[in-house]
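Worksheet: the structure to be examined is printed underneath.
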Amino acid sequence: MTTATNPNNFLATGSAPGKIILFGEHAVVYDRPAIAAPVSHVRAHAWIYPDRVCRVEAVDIQYTVMVAEAPVYDPFARIVRLICSELGRSLPPWRIVVHSDIPIASGLGSGAAIATAIARALLQAFDAQLPLSVLSRCVYEVEKLHHGTPSGIDNTVVVYEQPVWFVRGQRPLTFSVGAPLHFIVADTGIASPTKVAVAKVRQAWQAETRRYETIFNQIGSITKRARQAIEAGARRTLGQLMRQNQALLAEIGVSSPELEALCRTAYQAGALGAKLSGGGLGGNIIALAEPDKVKPVADALAAQAKRVIHTELYPSNQSATT
Ligand code: PMV
């Protein structure tokens, strides 16, 4: 953290994980199911210090906003106002410092994680609590500023910090994991705002509704089979389903040469499956590997990607990272 603030002098702190979408991105905007998991190893953090006015300082992007004067579309001010309003409190005289390890606009849910970290720090500083469902709803409001028409999957998985089965408008469900699943996340280094990919798909869906609805049905059916495969610990099947999901994502126009190249590299190094994760057009791929193939796949991807992260799903239903 590069701030002049004494890091030991804070009133409160909060953090939240990144996330990956395993199956069903884009189709989830059109009410099909999706599966997502937290990536606890990369996180957003917020610290609160006493001050004279309420302001948020995002140190990574060197951005400071005075909450009382901020426009309605400012995402940092928005989460502060929402939490204060949920708690019936006026804006506190606090300086909220934010730092995130999660790359921005790369499909790892950085916007949702930053808002959640701020919300958690505020709750701690106010010595207050809110149900996770309320917290998730507040973060969803901020997601709307980032994404336009978000499905709600990012705020859900980031706030609950659990793998989730998500259908828009329904209560998110967690589910069991039959065997450890090792994923390698590799970043193309190309920032791609989700809003752009979502708008591109919407335009194409409007022009060719039947075709896109058919593809979304196919993605929905892959996602259902993927849940069964995760529950059964059937890694090979899961890998094949990732490959099929990726082909359909390419068909709706959200893959890119760089994403395809990373998927190919993962397969050449022995991955069971690989696909883009999140909005696409840039951002990350995820690759699934048998335990003994994690290192070769990660090494091959590291030679080509901007950044590589491992994350695992374990049978206890918890996600962990290395
Ligand atoms: O790019 P991400 O990780 O924020 O994921 C977006 C997922 C989409 O399905 C493309 C959009 C959404 O709101 O669910």
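Residue numbers start at 1 in each chain; chains themselves are named A, B, ... in the order of the structure tokens; ligands are numbered from 1 in the order shown.
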I need the residues of stretch 131-283 of chain A that end up classed as strand (DSSP E or B) by DSSP on the backbone, written out as an MDAnalysis selection string. chainID A and resid 164:166 173 181:187 273:277
Give me the residues of chain A that have any atom at most 6 Å from an atom of ligand 1; for each, the nearest atom pair and the distance in Å, rounded to one decimal. Use only C-alpha atoms and all ligand atoms, sort by chain and number, and format it as a Markdown table.
| residue | atom | partner | partner_atom_place_in_ligand_line | distance |
| --- | --- | --- | --- | --- |
| A:Glu25 | CA | ligand 1 | 9 (O) | 3.6 |
| A:His26 | CA | ligand 1 | 9 (O) | 3.7 |
| A:Val28 | CA | ligand 1 | 9 (O) | 5.5 |
| A:Val29 | CA | ligand 1 | 14 (O) | 5.3 |
| A:Gly107 | CA | ligand 1 | 3 (O) | 3.1 |
| A:Leu108 | CA | ligand 1 | 3 (O) | 4.9 |
| A:Gly109 | CA | ligand 1 | 3 (O) | 4.9 |
| A:Pro150 | CA | ligand 1 | 13 (O) | 3.3 |
| A:Ser151 | CA | ligand 1 | 13 (O) | 3.9 |
| A:Gly152 | CA | ligand 1 | 13 (O) | 5.9 |
| A:Ile153 | CA | ligand 1 | 14 (O) | 5.5 |
| A:Thr194 | CA | ligand 1 | 1 (O) | 4.5 |
| A:Val198 | CA | ligand 1 | 10 (C) | 5.7 |
| A:Gly278 | CA | ligand 1 | 5 (O) | 3.5 |
| A:Gly279 | CA | ligand 1 | 1 (O) | 3.7 |
Nearest to A:Arg81, chosen from A:Ala105, A:Ala300, A:Val139, A:Ile219, with only C-alpha atoms counted in the distances: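 Counting only C-alpha atoms, the residue closest to A:Arg81 is A:Val139.
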DSSP alpha helix (DSSP H) residues within stretch 151-222 of chain A, as an MDAnalysis selection string: chainID A and resid 153:160 194:207 209:222
Could you tell me how far atom CA of A:Leu132 lies from atom CA of A:Asp101, in Å and to one decimal? 23.0 Å
Spatial neighbours of A:Val98, 8 Å, only C-alpha atoms, chain gap at least 4 places, as a count of residues only: 11
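One distance worth recording is that between atom CA of A:Ser277 and atom CA of A:Arg211, which is 22.0 Å.
Between A:Phe10 and the candidates A:Tyr63, A:Trp94, A:Phe126, A:Tyr73, the tightest atom-to-atom separation, counting only C-alpha atoms, involves A:Trp94.
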Determine, for each residue of stretch 40-145 of chain A having at least one atom at most 12 Å from an atom of stretch 171-193 of chain A, the closest pair of atoms and their separation in Å to one decimal, counting only C-alpha atoms; order by chain and ascending number, as JSON lines.
{"residue": "A:His41", "atom": "CA", "partner": "A:Val185", "partner_atom": "CA", "distance": 11.6}
{"residue": "A:Val42", "atom": "CA", "partner": "A:Val185", "partner_atom": "CA", "distance": 11.4}
{"residue": "A:Ile102", "atom": "CA", "partner": "A:Asp187", "partner_atom": "CA", "distance": 11.1}
{"residue": "A:Pro103", "atom": "CA", "partner": "A:Ala191", "partner_atom": "CA", "distance": 8.5}
{"residue": "A:Ile104", "atom": "CA", "partner": "A:Ala191", "partner_atom": "CA", "distance": 7.1}
{"residue": "A:Ala105", "atom": "CA", "partner": "A:Pro193", "partner_atom": "CA", "distance": 4.9}
{"residue": "A:Ser106", "atom": "CA", "partner": "A:Ala191", "partner_atom": "CA", "distance": 5.5}
{"residue": "A:Gly107", "atom": "CA", "partner": "A:Ser192", "partner_atom": "CA", "distance": 8.0}
{"residue": "A:Leu108", "atom": "CA", "partner": "A:Val185", "partner_atom": "CA", "distance": 9.5}
{"residue": "A:Gly109", "atom": "CA", "partner": "A:Pro193", "partner_atom": "CA", "distance": 10.8}
{"residue": "A:Ser110", "atom": "CA", "partner": "A:Pro193", "partner_atom": "CA", "distance": 11.0}
{"residue": "A:Gly111", "atom": "CA", "partner": "A:Pro193", "partner_atom": "CA", "distance": 10.6}
{"residue": "A:Leu132", "atom": "CA", "partner": "A:Pro172", "partner_atom": "CA", "distance": 11.5}
{"residue": "A:Ser133", "atom": "CA", "partner": "A:Arg171", "partner_atom": "CA", "distance": 9.2}
{"residue": "A:Ser136", "atom": "CA", "partner": "A:Pro172", "partner_atom": "CA", "distance": 10.9}
{"residue": "A:Arg137", "atom": "CA", "partner": "A:Arg171", "partner_atom": "CA", "distance": 11.8}
{"residue": "A:Glu143", "atom": "CA", "partner": "A:Pro193", "partner_atom": "CA", "distance": 12.0}
{"residue": "A:Leu145", "atom": "CA", "partner": "A:Pro193", "partner_atom": "CA", "distance": 11.7}
Those residues with N, CA and C atoms, as an mmCIF file, in the first residue's frame please?
data_model
loop_
_atom_site.group_PDB
_atom_site.id
_atom_site.type_symbol
_atom_site.label_atom_id
_atom_site.label_comp_id
_atom_site.auth_asym_id
_atom_site.auth_seq_id
_atom_site.Cartn_x
_atom_site.Cartn_y
_atom_site.Cartn_z
ATOM 1 N N HIS A 41 -7.144 -15.751 -2.784
ATOM 2 C CA HIS A 41 -5.743 -15.363 -2.767
ATOM 3 C C HIS A 41 -5.532 -13.914 -3.246
ATOM 4 N N VAL A 42 -6.400 -13.439 -4.130
ATOM 5 C CA VAL A 42 -6.313 -12.033 -4.547
ATOM 6 C C VAL A 42 -7.508 -11.302 -3.933
ATOM 7 N N ILE A 102 -6.481 -7.274 -7.041
ATOM 8 C CA ILE A 102 -7.235 -7.888 -8.143
ATOM 9 C C ILE A 102 -7.103 -7.007 -9.377
ATOM 10 N N PRO A 103 -6.605 -7.562 -10.494
ATOM 11 C CA PRO A 103 -6.489 -6.726 -11.694
ATOM 12 C C PRO A 103 -7.855 -6.160 -12.094
ATOM 13 N N ILE A 104 -7.853 -4.896 -12.508
ATOM 14 C CA ILE A 104 -9.110 -4.226 -12.882
ATOM 15 C C ILE A 104 -9.544 -4.689 -14.272
ATOM 16 N N ALA A 105 -10.834 -4.790 -14.472
ATOM 17 C CA ALA A 105 -11.423 -5.077 -15.791
ATOM 18 C C ALA A 105 -10.822 -6.311 -16.447
ATOM 19 N N SER A 106 -10.665 -7.373 -15.667
ATOM 20 C CA SER A 106 -10.110 -8.590 -16.259
ATOM 21 C C SER A 106 -10.951 -9.817 -15.901
ATOM 22 N N GLY A 107 -12.188 -9.601 -15.450
ATOM 23 C CA GLY A 107 -13.079 -10.727 -15.187
ATOM 24 C C GLY A 107 -12.907 -11.343 -13.822
ATOM 25 N N LEU A 108 -12.153 -10.688 -12.941
ATOM 26 C CA LEU A 108 -11.951 -11.259 -11.601
ATOM 27 C C LEU A 108 -12.789 -10.549 -10.535
ATOM 28 N N GLY A 109 -13.730 -9.754 -10.962
ATOM 29 C CA GLY A 109 -14.687 -9.172 -10.003
ATOM 30 C C GLY A 109 -14.110 -8.067 -9.139
ATOM 31 N N SER A 110 -13.171 -7.287 -9.670
ATOM 32 C CA SER A 110 -12.523 -6.281 -8.822
ATOM 33 C C SER A 110 -13.516 -5.236 -8.310
ATOM 34 N N GLY A 111 -14.452 -4.826 -9.139
ATOM 35 C CA GLY A 111 -15.414 -3.796 -8.722
ATOM 36 C C GLY A 111 -16.239 -4.261 -7.533
ATOM 37 N N LEU A 132 -25.953 -10.857 4.895
ATOM 38 C CA LEU A 132 -25.185 -10.955 3.646
ATOM 39 C C LEU A 132 -26.057 -10.619 2.435
ATOM 40 N N SER A 133 -27.344 -10.975 2.520
ATOM 41 C CA SER A 133 -28.226 -10.690 1.379
ATOM 42 C C SER A 133 -28.345 -9.177 1.159
ATOM 43 N N SER A 136 -25.023 -7.915 -0.251
ATOM 44 C CA SER A 136 -24.948 -8.306 -1.652
ATOM 45 C C SER A 136 -25.804 -7.365 -2.515
ATOM 46 N N ARG A 137 -26.981 -7.007 -2.007
ATOM 47 C CA ARG A 137 -27.863 -6.096 -2.756
ATOM 48 C C ARG A 137 -27.201 -4.716 -2.917
ATOM 49 N N GLU A 143 -22.444 -2.456 -8.767
ATOM 50 C CA GLU A 143 -22.152 -3.206 -9.991
ATOM 51 C C GLU A 143 -22.882 -2.616 -11.190
ATOM 52 N N LEU A 145 -23.335 0.396 -11.818
ATOM 53 C CA LEU A 145 -22.553 1.526 -12.350
ATOM 54 C C LEU A 145 -21.427 1.026 -13.242
#
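The gap separating atom CA of A:Tyr267 from atom CA of A:Ser255 is 16.5 Å, in Å to one decimal.
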Set the distance at 12 Å and use only C-alpha atoms: which residues neighbour A:Ala302 once local chain neighbours fewer than 2 positions away are removed? I'd like the list as a PDB file with N, CA and C atoms, in the first residue's frame.
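Here's the written file selection32.pdb:
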ATOM      1  N   ILE A 184      -6.118 -22.958 -12.972  1.00  0.00           N
ATOM      2  CA  ILE A 184      -5.067 -21.970 -13.181  1.00  0.00           C
ATOM      3  C   ILE A 184      -5.722 -20.820 -13.947  1.00  0.00           C
ATOM      4  N   VAL A 185      -5.593 -19.629 -13.377  1.00  0.00           N
ATOM      5  CA  VAL A 185      -6.184 -18.441 -13.987  1.00  0.00           C
ATOM      6  C   VAL A 185      -5.052 -17.690 -14.673  1.00  0.00           C
ATOM      7  N   ALA A 186      -5.197 -17.391 -15.953  1.00  0.00           N
ATOM      8  CA  ALA A 186      -4.128 -16.701 -16.681  1.00  0.00           C
ATOM      9  C   ALA A 186      -4.687 -15.454 -17.358  1.00  0.00           C
ATOM     10  N   ASP A 187      -4.005 -14.356 -17.140  1.00  0.00           N
ATOM     11  CA  ASP A 187      -4.480 -13.039 -17.576  1.00  0.00           C
ATOM     12  C   ASP A 187      -3.846 -12.646 -18.913  1.00  0.00           C
ATOM     13  N   THR A 188      -4.680 -12.320 -19.895  1.00  0.00           N
ATOM     14  CA  THR A 188      -4.140 -11.870 -21.187  1.00  0.00           C
ATOM     15  C   THR A 188      -3.413 -10.533 -21.042  1.00  0.00           C
ATOM     16  N   GLY A 189      -3.726  -9.799 -19.972  1.00  0.00           N
ATOM     17  CA  GLY A 189      -3.147  -8.462 -19.799  1.00  0.00           C
ATOM     18  C   GLY A 189      -3.935  -7.408 -20.568  1.00  0.00           C
ATOM     19  N   LEU A 262      -4.139 -18.579 -25.238  1.00  0.00           N
ATOM     20  CA  LEU A 262      -3.894 -19.083 -23.878  1.00  0.00           C
ATOM     21  C   LEU A 262      -4.572 -20.442 -23.671  1.00  0.00           C
ATOM     22  N   THR A 265      -2.409 -23.036 -25.348  1.00  0.00           N
ATOM     23  CA  THR A 265      -1.204 -23.298 -24.547  1.00  0.00           C
ATOM     24  C   THR A 265      -1.539 -24.217 -23.376  1.00  0.00           C
ATOM     25  N   ALA A 266      -2.677 -23.950 -22.731  1.00  0.00           N
ATOM     26  CA  ALA A 266      -3.080 -24.778 -21.586  1.00  0.00           C
ATOM     27  C   ALA A 266      -3.275 -26.229 -22.029  1.00  0.00           C
ATOM     28  N   ALA A 269      -0.081 -28.062 -22.733  1.00  0.00           N
ATOM     29  CA  ALA A 269       0.661 -28.417 -21.510  1.00  0.00           C
ATOM     30  C   ALA A 269      -0.073 -29.472 -20.690  1.00  0.00           C
ATOM     31  N   VAL A 294      -0.698 -29.401 -12.760  1.00  0.00           N
ATOM     32  CA  VAL A 294      -0.879 -27.987 -12.408  1.00  0.00           C
ATOM     33  C   VAL A 294       0.382 -27.190 -12.731  1.00  0.00           C
ATOM     34  N   LYS A 295       1.535 -27.732 -12.336  1.00  0.00           N
ATOM     35  CA  LYS A 295       2.785 -26.973 -12.524  1.00  0.00           C
ATOM     36  C   LYS A 295       3.109 -26.781 -14.012  1.00  0.00           C
ATOM     37  N   PRO A 296       3.119 -27.884 -14.814  1.00  0.00           N
ATOM     38  CA  PRO A 296       3.412 -27.650 -16.242  1.00  0.00           C
ATOM     39  C   PRO A 296       2.441 -26.696 -16.917  1.00  0.00           C
ATOM     40  N   VAL A 297       1.152 -26.804 -16.561  1.00  0.00           N
ATOM     41  CA  VAL A 297       0.178 -25.904 -17.194  1.00  0.00           C
ATOM     42  C   VAL A 297       0.440 -24.461 -16.743  1.00  0.00           C
ATOM     43  N   ALA A 298       0.665 -24.290 -15.428  1.00  0.00           N
ATOM     44  CA  ALA A 298       0.903 -22.933 -14.909  1.00  0.00           C
ATOM     45  C   ALA A 298       2.182 -22.348 -15.498  1.00  0.00           C
ATOM     46  N   ASP A 299       3.232 -23.175 -15.621  1.00  0.00           N
ATOM     47  CA  ASP A 299       4.502 -22.678 -16.173  1.00  0.00           C
ATOM     48  C   ASP A 299       4.329 -22.259 -17.635  1.00  0.00           C
ATOM     49  N   ALA A 300       3.627 -23.091 -18.397  1.00  0.00           N
ATOM     50  CA  ALA A 300       3.434 -22.770 -19.818  1.00  0.00           C
ATOM     51  C   ALA A 300       2.625 -21.477 -19.958  1.00  0.00           C
ATOM     52  N   GLN A 304       3.469 -16.884 -21.162  1.00  0.00           N
ATOM     53  CA  GLN A 304       2.697 -16.160 -22.182  1.00  0.00           C
ATOM     54  C   GLN A 304       1.760 -15.108 -21.583  1.00  0.00           C
ATOM     55  N   ALA A 305       1.311 -15.356 -20.349  1.00  0.00           N
ATOM     56  CA  ALA A 305       0.291 -14.488 -19.748  1.00  0.00           C
ATOM     57  C   ALA A 305       0.935 -13.375 -18.929  1.00  0.00           C
ATOM     58  N   LYS A 306       0.139 -12.363 -18.634  1.00  0.00           N
ATOM     59  CA  LYS A 306       0.648 -11.265 -17.824  1.00  0.00           C
ATOM     60  C   LYS A 306       0.779 -11.717 -16.369  1.00  0.00           C
ATOM     61  N   ARG A 307      -0.134 -12.592 -15.962  1.00  0.00           N
ATOM     62  CA  ARG A 307      -0.156 -13.012 -14.564  1.00  0.00           C
ATOM     63  C   ARG A 307      -0.881 -14.342 -14.475  1.00  0.00           C
ATOM     64  N   VAL A 308      -0.427 -15.199 -13.561  1.00  0.00           N
ATOM     65  CA  VAL A 308      -1.051 -16.513 -13.382  1.00  0.00           C
ATOM     66  C   VAL A 308      -1.358 -16.718 -11.904  1.00  0.00           C
ATOM     67  N   ILE A 309      -2.548 -17.199 -11.624  1.00  0.00           N
ATOM     68  CA  ILE A 309      -2.968 -17.455 -10.232  1.00  0.00           C
ATOM     69  C   ILE A 309      -3.511 -18.875 -10.172  1.00  0.00           C
ATOM     70  N   HIS A 310      -3.215 -19.602  -9.094  1.00  0.00           N
ATOM     71  CA  HIS A 310      -3.838 -20.924  -8.908  1.00  0.00           C
ATOM     72  C   HIS A 310      -5.015 -20.745  -7.962  1.00  0.00           C
TER      73      HIS A 310
END
